[in-house]
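Chemist: Contents are mmCIF, C-alpha atoms; file name start_10.cif:
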data_upload
loop_
_atom_site.group_PDB
_atom_site.id
_atom_site.type_symbol
_atom_site.label_atom_id
_atom_site.label_comp_id
_atom_site.auth_asym_id
_atom_site.auth_seq_id
_atom_site.Cartn_x
_atom_site.Cartn_y
_atom_site.Cartn_z
ATOM 1 C CA MET A 30 -76.909 -26.506 102.363
ATOM 2 C CA LEU A 31 -74.240 -26.350 99.712
ATOM 3 C CA THR A 32 -75.288 -27.750 96.375
ATOM 4 C CA ILE A 33 -72.514 -29.015 94.169
ATOM 5 C CA PRO A 34 -73.466 -29.286 90.487
ATOM 6 C CA ILE A 35 -72.794 -32.656 89.022
ATOM 7 C CA LEU A 36 -71.249 -32.417 85.595
ATOM 8 C CA PRO A 37 -72.031 -35.257 83.251
ATOM 9 C CA CYS A 38 -68.972 -37.283 82.338
ATOM 10 C CA LEU A 39 -68.723 -38.679 78.891
ATOM 11 C CA PRO A 40 -67.855 -42.337 78.753
ATOM 12 C CA PRO A 41 -64.672 -43.190 76.868
ATOM 13 C CA PHE A 42 -66.781 -44.790 74.162
ATOM 14 C CA ILE A 43 -70.408 -44.609 73.059
ATOM 15 C CA PHE A 44 -72.220 -47.749 72.026
ATOM 16 C CA LEU A 45 -74.120 -47.322 68.745
ATOM 17 C CA ARG A 46 -76.644 -49.666 67.217
ATOM 18 C CA GLN A 47 -77.290 -49.046 63.546
ATOM 19 C CA ALA A 48 -80.687 -49.274 61.915
ATOM 20 C CA GLY A 49 -82.083 -52.781 62.042
ATOM 21 C CA GLY A 50 -79.718 -53.732 64.829
ATOM 22 C CA CYS A 51 -77.515 -55.544 62.358
ATOM 23 C CA THR A 52 -74.281 -53.814 63.310
ATOM 24 C CA ASN A 53 -73.051 -52.730 66.736
ATOM 25 C CA ARG A 54 -69.946 -50.630 67.259
ATOM 26 C CA PHE A 55 -68.215 -48.404 69.797
ATOM 27 C CA VAL A 56 -67.401 -44.810 68.758
ATOM 28 C CA HIS A 57 -65.404 -42.272 70.722
ATOM 29 C CA PRO A 58 -67.416 -39.081 71.485
ATOM 30 C CA LEU A 59 -64.714 -36.892 69.928
ATOM 31 C CA VAL A 60 -65.225 -38.689 66.637
ATOM 32 C CA LEU A 61 -68.925 -37.868 66.787
ATOM 33 C CA LEU A 62 -68.177 -34.256 67.662
ATOM 34 C CA TYR A 63 -65.683 -33.941 64.801
ATOM 35 C CA THR A 64 -68.188 -35.429 62.332
ATOM 36 C CA TYR A 65 -70.883 -33.032 63.509
ATOM 37 C CA LEU A 66 -68.639 -29.971 63.236
ATOM 38 C CA LEU A 67 -67.389 -31.070 59.827
ATOM 39 C CA GLY A 68 -70.979 -31.249 58.590
ATOM 40 C CA LYS A 69 -71.667 -27.773 59.943
ATOM 41 C CA ARG A 70 -68.526 -26.440 58.259
ATOM 42 C CA PHE A 71 -69.638 -27.928 54.947
ATOM 43 C CA GLN A 72 -73.056 -26.297 55.285
ATOM 44 C CA ALA A 73 -71.437 -22.958 56.111
ATOM 45 C CA ASP A 74 -69.134 -23.211 53.090
ATOM 46 C CA ARG A 75 -72.148 -23.831 50.852
ATOM 47 C CA LEU A 76 -73.862 -20.714 52.196
ATOM 48 C CA MET A 77 -70.862 -18.416 51.800
ATOM 49 C CA PRO A 78 -70.175 -16.691 48.470
ATOM 50 C CA LYS A 79 -67.027 -17.905 46.744
ATOM 51 C CA ASN A 80 -64.239 -15.867 45.205
ATOM 52 C CA THR A 81 -64.343 -17.839 41.951
ATOM 53 C CA LEU A 82 -66.954 -20.225 40.581
ATOM 54 C CA THR A 83 -68.049 -21.749 37.280
ATOM 55 C CA ILE A 84 -71.727 -22.595 36.738
ATOM 56 C CA TYR A 85 -72.672 -25.151 34.080
ATOM 57 C CA CYS A 86 -76.310 -25.358 32.867
ATOM 58 C CA HIS A 87 -77.370 -28.681 31.321
ATOM 59 C CA CYS A 88 -80.529 -27.229 29.709
ATOM 60 C CA ALA A 89 -82.306 -30.483 30.569
ATOM 61 C CA TYR A 90 -85.830 -29.421 29.620
ATOM 62 C CA TYR A 91 -85.229 -28.474 25.991
ATOM 63 C CA GLN A 92 -82.944 -29.889 23.332
ATOM 64 C CA LEU A 93 -81.268 -26.608 22.430
ATOM 65 C CA VAL A 94 -77.669 -27.729 22.850
ATOM 66 C CA ALA A 95 -76.151 -30.802 21.198
ATOM 67 C CA GLU A 96 -75.361 -33.592 23.636
ATOM 68 C CA GLN A 97 -71.736 -33.830 22.474
ATOM 69 C CA ILE A 98 -71.214 -30.166 23.356
ATOM 70 C CA LYS A 99 -72.741 -30.539 26.803
ATOM 71 C CA SER A 100 -70.862 -33.740 27.600
ATOM 72 C CA GLY A 101 -67.605 -32.324 26.245
ATOM 73 C CA VAL A 102 -67.776 -29.198 28.407
ATOM 74 C CA LEU A 103 -68.947 -31.049 31.508
ATOM 75 C CA ASN A 104 -66.253 -33.721 31.232
ATOM 76 C CA ALA A 105 -63.598 -31.023 30.779
ATOM 77 C CA LEU A 106 -64.782 -29.309 33.964
ATOM 78 C CA LYS A 107 -64.617 -32.603 35.823
ATOM 79 C CA ASP A 108 -61.061 -33.243 34.624
ATOM 80 C CA THR A 109 -59.730 -29.873 35.780
ATOM 81 C CA ASN A 110 -59.206 -28.594 39.282
ATOM 82 C CA THR A 111 -61.958 -26.019 38.843
ATOM 83 C CA ASP A 112 -64.469 -24.957 41.463
ATOM 84 C CA PHE A 113 -67.755 -25.509 39.599
ATOM 85 C CA GLU A 114 -71.393 -26.426 40.017
ATOM 86 C CA ALA A 115 -73.456 -28.228 37.378
ATOM 87 C CA VAL A 116 -77.235 -27.764 37.415
ATOM 88 C CA ALA A 117 -80.055 -29.223 35.366
ATOM 89 C CA ASP A 118 -81.616 -25.991 34.118
ATOM 90 C CA LEU A 119 -81.153 -22.322 35.018
ATOM 91 C CA CYS A 120 -84.616 -21.471 33.671
ATOM 92 C CA LYS A 121 -86.192 -23.906 36.122
ATOM 93 C CA MET A 122 -84.118 -22.487 38.971
ATOM 94 C CA CYS A 123 -85.253 -18.993 37.995
ATOM 95 C CA ALA A 124 -88.927 -19.994 37.971
ATOM 96 C CA ASP A 125 -88.436 -21.604 41.406
ATOM 97 C CA ARG A 126 -86.503 -18.508 42.592
ATOM 98 C CA ASP A 127 -83.816 -20.852 43.871
ATOM 99 C CA THR A 128 -81.766 -19.175 46.612
ATOM 100 C CA ALA A 129 -78.537 -20.522 45.076
ATOM 101 C CA LEU A 130 -78.831 -17.874 42.354
ATOM 102 C CA LYS A 131 -78.455 -15.074 44.909
ATOM 103 C CA LEU A 132 -75.395 -16.756 46.391
ATOM 104 C CA TRP A 133 -73.769 -17.162 42.973
ATOM 105 C CA ALA A 134 -74.493 -13.542 42.090
ATOM 106 C CA LYS A 135 -72.251 -12.480 44.988
ATOM 107 C CA THR A 136 -69.266 -14.417 43.615
ATOM 108 C CA LYS A 137 -66.345 -12.106 42.835
ATOM 109 C CA SER A 138 -65.364 -13.944 39.658
ATOM 110 C CA LEU A 139 -68.243 -15.889 38.106
ATOM 111 C CA LYS A 140 -68.262 -17.905 34.882
ATOM 112 C CA ILE A 141 -71.569 -19.165 33.485
ATOM 113 C CA VAL A 142 -71.653 -21.843 30.784
ATOM 114 C CA ALA A 143 -75.184 -21.771 29.410
ATOM 115 C CA CYS A 144 -76.817 -19.884 26.524
ATOM 116 C CA TYR A 145 -77.068 -16.263 25.361
ATOM 117 C CA PRO A 146 -75.591 -13.806 27.894
ATOM 118 C CA ARG A 147 -78.545 -11.425 27.686
ATOM 119 C CA ALA A 148 -80.955 -14.284 28.477
ATOM 120 C CA VAL A 149 -78.875 -15.506 31.417
ATOM 121 C CA ARG A 150 -78.419 -12.038 32.883
ATOM 122 C CA TRP A 151 -82.158 -11.318 32.886
ATOM 123 C CA LEU A 152 -82.992 -14.792 34.181
ATOM 124 C CA PHE A 153 -80.927 -14.013 37.263
ATOM 125 C CA HIS A 154 -82.611 -10.619 37.538
ATOM 126 C CA ALA A 155 -86.073 -12.220 37.324
ATOM 127 C CA ALA A 156 -85.139 -14.516 40.200
ATOM 128 C CA GLY A 157 -84.229 -11.532 42.377
ATOM 129 C CA ALA A 158 -80.505 -12.199 41.969
ATOM 130 C CA PRO A 159 -79.179 -9.509 39.594
ATOM 131 C CA LEU A 160 -75.673 -10.138 38.315
ATOM 132 C CA PRO A 161 -73.035 -7.414 38.677
ATOM 133 C CA LYS A 162 -71.939 -5.557 35.567
ATOM 134 C CA LYS A 163 -68.341 -6.689 36.095
ATOM 135 C CA GLY A 164 -66.819 -9.970 37.189
ATOM 136 C CA VAL A 165 -69.115 -12.247 35.155
ATOM 137 C CA GLU A 166 -68.072 -14.168 32.026
ATOM 138 C CA PHE A 167 -70.570 -15.952 29.787
ATOM 139 C CA PHE A 168 -69.969 -18.971 27.559
ATOM 140 C CA ASN A 169 -72.699 -19.748 25.016
ATOM 141 C CA MET A 170 -73.156 -23.453 24.216
ATOM 142 C CA ARG A 171 -75.870 -22.608 21.679
ATOM 143 C CA VAL A 172 -73.362 -20.762 19.504
ATOM 144 C CA ASP A 173 -69.863 -22.067 20.261
ATOM 145 C CA ASN A 174 -68.576 -25.621 20.062
ATOM 146 C CA ALA A 175 -67.151 -27.517 23.015
ATOM 147 C CA GLU A 176 -63.515 -27.010 21.964
ATOM 148 C CA LYS A 177 -63.822 -23.220 21.881
ATOM 149 C CA ILE A 178 -65.565 -23.090 25.258
ATOM 150 C CA ILE A 179 -63.075 -25.472 26.875
ATOM 151 C CA SER A 180 -60.178 -23.461 25.470
ATOM 152 C CA SER A 181 -61.647 -20.183 26.778
ATOM 153 C CA LEU A 182 -62.236 -21.692 30.200
ATOM 154 C CA ALA A 183 -58.689 -23.043 30.296
ATOM 155 C CA ASN A 184 -57.231 -19.641 29.451
ATOM 156 C CA ASN A 185 -59.146 -18.092 32.320
ATOM 157 C CA GLN A 186 -58.929 -21.034 34.687
ATOM 158 C CA THR A 187 -58.766 -20.425 38.407
ATOM 159 C CA VAL A 188 -57.779 -23.276 40.698
ATOM 160 C CA GLY A 189 -60.632 -24.467 42.867
ATOM 161 C CA SER A 190 -61.140 -27.106 45.464
ATOM 162 C CA SER A 191 -64.630 -28.464 45.031
ATOM 163 C CA SER A 192 -67.275 -29.373 42.514
ATOM 164 C CA ARG A 193 -70.942 -30.159 42.843
ATOM 165 C CA ILE A 194 -73.042 -31.877 40.188
ATOM 166 C CA ALA A 195 -76.764 -31.795 40.870
ATOM 167 C CA GLN A 196 -79.246 -34.134 39.245
ATOM 168 C CA LEU A 197 -79.004 -33.208 35.583
ATOM 169 C CA GLU A 198 -82.168 -34.898 34.371
ATOM 170 C CA LYS A 199 -85.480 -33.071 34.252
ATOM 171 C CA THR A 200 -87.995 -33.679 37.010
ATOM 172 C CA GLY A 201 -91.728 -33.320 36.510
ATOM 173 C CA ASP A 202 -93.736 -32.632 33.378
ATOM 174 C CA TRP A 203 -93.637 -28.844 33.349
ATOM 175 C CA ILE A 204 -91.230 -27.326 30.834
ATOM 176 C CA PRO A 205 -89.822 -24.004 32.117
ATOM 177 C CA TRP A 206 -90.942 -22.030 29.084
ATOM 178 C CA PHE A 207 -91.678 -18.441 30.076
ATOM 179 C CA PRO A 208 -90.571 -14.879 29.274
ATOM 180 C CA VAL A 209 -88.074 -12.696 31.082
ATOM 181 C CA ILE A 210 -87.886 -8.955 30.610
ATOM 182 C CA ASP A 211 -84.837 -7.007 29.512
ATOM 183 C CA TYR A 212 -85.349 -3.864 31.588
ATOM 184 C CA ASP A 213 -82.567 -2.078 29.729
ATOM 185 C CA ARG A 214 -84.935 -2.042 26.749
ATOM 186 C CA CYS A 215 -88.399 -2.174 28.360
ATOM 187 C CA LYS A 216 -90.360 1.128 28.273
ATOM 188 C CA ASN A 217 -93.162 -0.223 30.512
ATOM 189 C CA CYS A 218 -95.736 0.261 27.739
ATOM 190 C CA LYS A 219 -97.758 -2.671 29.162
ATOM 191 C CA GLN A 220 -98.662 -4.090 25.751
ATOM 192 C CA CYS A 221 -97.598 -7.543 26.931
ATOM 193 C CA LEU A 222 -99.830 -7.238 30.000
ATOM 194 C CA ASN A 223 -102.841 -6.244 27.900
ATOM 195 C CA PHE A 224 -102.144 -8.920 25.303
ATOM 196 C CA CYS A 225 -101.357 -12.014 27.415
ATOM 197 C CA LEU A 226 -104.405 -14.195 27.968
ATOM 198 C CA PHE A 227 -102.922 -16.306 30.721
ATOM 199 C CA GLY A 228 -101.994 -13.919 33.513
ATOM 200 C CA VAL A 229 -98.239 -14.287 33.105
ATOM 201 C CA TYR A 230 -97.640 -10.542 33.502
ATOM 202 C CA LYS A 231 -98.638 -8.404 36.470
ATOM 203 C CA LEU A 232 -97.817 -4.925 37.748
ATOM 204 C CA SER A 233 -95.620 -4.377 40.767
ATOM 205 C CA ALA A 234 -96.480 -1.977 43.564
ATOM 206 C CA GLU A 235 -94.419 0.607 41.639
ATOM 207 C CA ASP A 236 -96.582 0.062 38.505
ATOM 208 C CA LYS A 237 -93.729 -1.801 36.794
ATOM 209 C CA ILE A 238 -94.457 -4.685 34.459
ATOM 210 C CA GLU A 239 -93.239 -8.051 35.823
ATOM 211 C CA VAL A 240 -93.421 -11.748 34.980
ATOM 212 C CA GLN A 241 -95.153 -12.946 38.130
ATOM 213 C CA ASN A 242 -96.709 -16.232 36.970
ATOM 214 C CA PRO A 243 -94.174 -17.973 34.697
ATOM 215 C CA ALA A 244 -95.891 -21.369 34.990
ATOM 216 C CA ASN A 245 -99.027 -19.902 33.347
ATOM 217 C CA CYS A 246 -97.186 -19.386 30.065
ATOM 218 C CA LYS A 247 -98.104 -21.732 27.222
ATOM 219 C CA THR A 248 -95.153 -23.801 26.031
ATOM 220 C CA ASN A 249 -93.743 -22.761 22.664
ATOM 221 C CA CYS A 250 -95.871 -19.591 22.462
ATOM 222 C CA PRO A 251 -93.664 -16.479 22.053
ATOM 223 C CA ALA A 252 -96.480 -14.216 20.797
ATOM 224 C CA CYS A 253 -95.965 -11.495 23.417
ATOM 225 C CA ALA A 254 -92.288 -11.226 22.460
ATOM 226 C CA ARG A 255 -93.251 -10.761 18.818
ATOM 227 C CA LEU A 256 -95.606 -7.993 19.877
ATOM 228 C CA CYS A 257 -93.096 -6.077 22.029
ATOM 229 C CA PRO A 258 -92.113 -2.839 20.235
ATOM 230 C CA GLN A 259 -88.763 -2.688 22.090
ATOM 231 C CA SER A 260 -87.701 -6.342 21.677
ATOM 232 C CA ALA A 261 -87.486 -6.414 25.467
ATOM 233 C CA ILE A 262 -89.104 -9.818 26.004
ATOM 234 C CA ILE A 263 -86.837 -12.844 25.985
ATOM 235 C CA PHE A 264 -87.784 -16.512 25.800
ATOM 236 C CA PRO A 265 -84.484 -18.265 26.635
ATOM 237 C CA LYS A 266 -85.659 -21.546 25.093
ATOM 238 C CA TYR A 267 -86.788 -20.037 21.790
ATOM 239 C CA THR A 268 -84.729 -20.604 18.635
ATOM 240 C CA GLY A 269 -84.919 -17.310 16.739
ATOM 241 C CA SER A 270 -83.044 -14.082 17.399
ATOM 242 C CA PRO A 271 -83.475 -11.794 19.272
ATOM 243 C CA ILE A 272 -86.325 -13.465 21.189
ATOM 244 C CA ASN A 273 -83.882 -16.173 22.329
ATOM 245 C CA GLY A 274 -81.749 -13.594 24.137
ATOM 246 C CA ASP A 275 -79.338 -12.858 21.326
ATOM 247 C CA GLU A 276 -78.332 -9.218 20.952
ATOM 248 C CA VAL A 277 -80.886 -7.086 19.123
ATOM 249 C CA ASP A 278 -79.995 -6.004 15.609
ATOM 250 C CA GLU A 279 -80.757 -2.304 15.928
ATOM 251 C CA SER A 280 -80.682 -1.810 12.162
ATOM 252 C CA ALA A 281 -83.744 -4.005 11.831
ATOM 253 C CA SER A 282 -84.818 -3.549 15.459
ATOM 254 C CA GLY A 283 -84.963 -7.334 15.669
ATOM 255 C CA ARG A 284 -88.730 -7.107 15.247
ATOM 256 C CA LEU A 285 -91.278 -8.409 12.827
ATOM 257 C CA SER A 286 -93.088 -6.063 10.506
ATOM 258 C CA GLU A 287 -96.415 -4.579 11.598
ATOM 259 C CA GLU A 288 -98.176 -6.665 8.952
ATOM 260 C CA LYS A 289 -96.648 -9.888 10.277
ATOM 261 C CA ILE A 290 -97.642 -9.028 13.852
ATOM 262 C CA LYS A 291 -101.234 -8.421 12.756
ATOM 263 C CA VAL A 292 -101.289 -11.841 11.113
ATOM 264 C CA ASP A 293 -100.075 -13.410 14.360
ATOM 265 C CA LEU A 294 -102.718 -11.629 16.432
ATOM 266 C CA THR A 295 -105.515 -12.532 14.040
ATOM 267 C CA GLY A 296 -104.507 -16.170 14.079
ATOM 268 C CA LEU A 297 -104.146 -16.302 17.826
ATOM 269 C CA LEU A 298 -107.415 -14.596 18.725
ATOM 270 C CA SER A 299 -109.723 -16.331 16.257
ATOM 271 C CA GLY A 300 -111.561 -19.571 16.924
ATOM 272 C CA ASP A 301 -110.435 -21.899 19.718
ATOM 273 C CA ILE A 302 -107.507 -20.055 21.330
ATOM 274 C CA TYR A 303 -106.089 -23.146 23.026
ATOM 275 C CA GLU A 304 -106.290 -25.191 19.819
ATOM 276 C CA THR A 305 -104.564 -22.353 17.969
ATOM 277 C CA ILE A 306 -101.738 -22.361 20.529
ATOM 278 C CA ARG A 307 -101.429 -26.157 20.311
ATOM 279 C CA GLN A 308 -101.062 -25.942 16.541
ATOM 280 C CA ARG A 309 -98.542 -23.094 16.877
ATOM 281 C CA SER A 310 -96.593 -25.165 19.389
ATOM 282 C CA LYS A 311 -96.377 -28.106 16.987
ATOM 283 C CA THR A 312 -95.199 -25.849 14.169
ATOM 284 C CA ILE A 313 -92.582 -24.153 16.355
ATOM 285 C CA ALA A 314 -91.352 -27.510 17.727
ATOM 286 C CA THR A 315 -90.926 -28.866 14.176
ATOM 287 C CA THR A 316 -89.098 -25.710 13.072
ATOM 288 C CA GLN A 317 -86.894 -25.830 16.158
ATOM 289 C CA ALA A 318 -85.936 -29.473 15.573
ATOM 290 C CA LYS A 319 -84.951 -28.665 11.973
ATOM 291 C CA SER A 320 -82.984 -25.622 13.160
ATOM 292 C CA ASN A 321 -81.084 -27.763 15.682
ATOM 293 C CA GLU A 322 -80.225 -30.311 12.980
ATOM 294 C CA ASP A 323 -78.931 -27.559 10.681
ATOM 295 C CA THR A 324 -76.856 -26.081 13.515
ATOM 296 C CA ASP A 325 -75.332 -29.469 14.343
ATOM 297 C CA ARG A 326 -74.373 -29.985 10.694
ATOM 298 C CA GLN A 327 -72.680 -26.585 10.528
ATOM 299 C CA ARG A 328 -70.641 -27.316 13.667
ATOM 300 C CA THR A 329 -69.474 -30.662 12.364
#
Write the structure described by the file as structure tokens, please.
Modeler:
Amino acid sequence: MLTIPILPCLPPFIFLRQAGGCTNRFVHPLVLLYTYLLGKRFQADRLMPKNTLTIYCHCAYYQLVAEQIKSGVLNALKDTNTDFEAVADLCKMCADRDTALKLWAKTKSLKIVACYPRAVRWLFHAAGAPLPKKGVEFFNMRVDNAEKIISSLANNQTVGSSSRIAQLEKTGDWIPWFPVIDYDRCKNCKQCLNFCLFGVYKLSAEDKIEVQNPANCKTNCPACARLCPQSAIIFPKYTGSPINGDEVDESASGRLSEEKIKVDLTGLLSGDIYETIRQRSKTIATTQAKSNEDTDRQRT
């Protein structure tokens, strides 16, 4: 007996009832197919590395950059035909090991508007998304004003076709304060591992020091960076150089004196450790606020 397969025939229109049954409408199947394929194409485009891209970091979790600088740069990016993405905080994305960082790192021509280049480069590295030595330009909103950054971006502008602005406000109570390691300077002496009380540092299978538990770090405590003999530990949200990711002044080694370090260790390890850190955090926060005010005055 011959069996003839019966192919389903699509009706000329499909009847759709929207949620709640409030609206009924007829839609041609080709329209549905086109919408579906368009969505897939958009997803594919988001997963493919771009030739040119500008990343803007809003630094939402710490008031390190004046609001007028951030708004000025962001509005300029919106007004130009530039392919860019705006994110709330690169430090938070690094701690979350956001997969977008790996995609951006593959971009042929990448521009990053954030903070100190050394801090940004090692943030990407910590997230498993090392940036290439060439093809990346950095723009530092903690040092330069909006006009200079906008002018530099305009001089190197590449025409794009899309922009994406994520939620720029902070979410949750945790502040992404943690160290990243500059492996160009690190000698793997393990002093940070032996010193840290909170399990931030661990050793890899290759016996290499790593920041494996960034959320364990105590906000506003940069003590391990002060201790590092190579100035290899960076806290991107710290105010002072070179701990903030600024280039190290080799003439002074960018480090505190041995006497000053001993004072820090004595203060940290005596009495109630957590109360000591809380008091240090308050002092650092007050100093940082004053530093930001002084910086804003100099720019204006």
Chemist: Could you tell me, as number ranges by chain, exactly which residues end up selected when the PyMOL selection byres ((chain A and resi 182) around 10) is applied to this structure?
Modeler: A: 83, 102, 105-106, 111, 140, 142, 166, 168, 176-181, 183-187
Chemist: Report as a PyMOL selection string the residues that result from applying the PyMOL selection byres ((chain A and resi 212) around 10) to the structure here.
Modeler: chain A and resi 151+154+209-211+213-217+238-239+261-262
Chemist: Between A:Asp173, A:Tyr85, A:Leu152, A:Lys135, which has the minimum distance to Lys107 (chain A) (counting all atoms listed in the file)?
Modeler: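 Looking only at the distances to Lys107 (chain A), the closest residue turns out to be A:Tyr85.
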Chemist: Find the residues near Thr128 (chain A): any atom within 9 Å, counting all atoms listed in the file, skip ones fewer than 6 places away on the same chain, and give them as a list in words.
Modeler: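 Near neighbours after the sequence-gap exclusion: Met122, Ala156 and Ala158 of chain A.
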Chemist: If I take CA of Ala252 (chain A) and CA of Cys221 (chain A), how far is one from the other in Å, to one decimal?
Modeler: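 The value is 9.1 Å.
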Chemist: Mind pulling up the distance from CA of Val240 (chain A) to CA of Ala155 (chain A)?
Modeler: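 So the answer is 7.7 Å.
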Chemist: Scan for residues within 7 Å of the point (-83.0, -30.6, 35.4) in the coordinates of the file, using only C-alpha atoms, and reply as a list in words.
Modeler: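 Residues found, by chain and rising number: Ala89, Tyr90, Val116, Ala117, Asp118, Gln196, Leu197, Glu198, Lys199 and Thr200 of chain A.
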Chemist: How about saving the chosen residues, C-alpha atoms kept, as a PDB file, in the frame of the given file?
Modeler:
ATOM      1  CA  ALA A  89     -82.306 -30.483  30.569  1.00  0.00           C
ATOM      2  CA  TYR A  90     -85.830 -29.421  29.620  1.00  0.00           C
ATOM      3  CA  VAL A 116     -77.235 -27.764  37.415  1.00  0.00           C
ATOM      4  CA  ALA A 117     -80.055 -29.223  35.366  1.00  0.00           C
ATOM      5  CA  ASP A 118     -81.616 -25.991  34.118  1.00  0.00           C
ATOM      6  CA  GLN A 196     -79.246 -34.134  39.245  1.00  0.00           C
ATOM      7  CA  LEU A 197     -79.004 -33.208  35.583  1.00  0.00           C
ATOM      8  CA  GLU A 198     -82.168 -34.898  34.371  1.00  0.00           C
ATOM      9  CA  LYS A 199     -85.480 -33.071  34.252  1.00  0.00           C
ATOM     10  CA  THR A 200     -87.995 -33.679  37.010  1.00  0.00           C
TER      11      THR A 200
END
Chemist: Between CA of Asn245 (chain A) and CA of Leu119 (chain A), measure the distance and give it in Å to one decimal.
Modeler: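 Computing it gives 18.1 Å between the two atoms.
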Chemist: Could you tell me, as a list of chain:residue names, exactly which residues end up selected when the PyMOL selection byres ((chain A and resi 162) around 12) is applied to this structure?
Modeler: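 With the shown file as input, the PyMOL selection byres ((chain A and resi 162) around 12) matches A:Ala134, A:Lys135, A:Lys137, A:Ser138, A:Leu139, A:Pro146, A:Arg147, A:Arg150, A:His154, A:Pro159, A:Leu160, A:Pro161, A:Lys163, A:Gly164, A:Val165, A:Glu166, A:Phe167.
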Chemist: Using all atoms listed in the file, which residue out of A:Asn273, A:Asn104, A:Ser260, A:Asn242 lies closest to Arg126 (chain A)?
Modeler: A:Asn242
Chemist: Would you compute an axis-aligned box for region 172-175 of chain A, covering every atom listed for it in the file with 8 Å of margin on each side, and report centre and edge lengths in Å to one decimal as AutoDock Vina command-line options?
Modeler:
--center_x -70.3 --center_y -24.1 --center_z 21.3 --size_x 22.2 --size_y 22.8 --size_z 19.5
Chemist: From the options A:Phe264, A:Val94, A:Leu132, A:Lys99, which residue's atoms come nearest to Val172 (chain A), counting all atoms listed in the file?
Modeler: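 Looking at the shortest contact to Val172 (chain A), the residue is A:Val94.
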Chemist: Let me make sure I understand: among A:Cys253, A:Ile272, A:Cys218, A:Ile204, which one has the smallest atom-to-atom distance to Ala124 (chain A) if we use all atoms listed in the file?
Modeler: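 Closest residue, counting all atoms listed in the file: A:Ile204.
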Chemist: Here is a test: counting only C-alpha atoms, which residue of A:Leu103, A:Leu256, A:Leu82, A:Leu222 is nearest to Trp133 (chain A)?
Modeler: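 Among the listed residues, A:Leu82 lies closest to Trp133 (chain A).
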Chemist: Check the smallest atom-to-atom distance from each of A:Gly201, A:Lys231, A:Gln241, A:Pro208 to Gly157 (chain A) using all atoms listed in the file, then report the winner.
Modeler: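 The answer is A:Gln241, which sits nearest to Gly157 (chain A).
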Chemist: Tell me which protein, DNA and RNA residues are within 9 Å of Pro205 (chain A), counting all atoms listed in the file, leaving out same-chain ones fewer than 5 positions away, and put them as a list in words.
Modeler: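 Selected residues are Tyr90, Tyr91, Asp118, Cys120, Lys121, Cys123, Ala124, Pro243, Ala244, Cys246, Thr248 and Lys266 of chain A.
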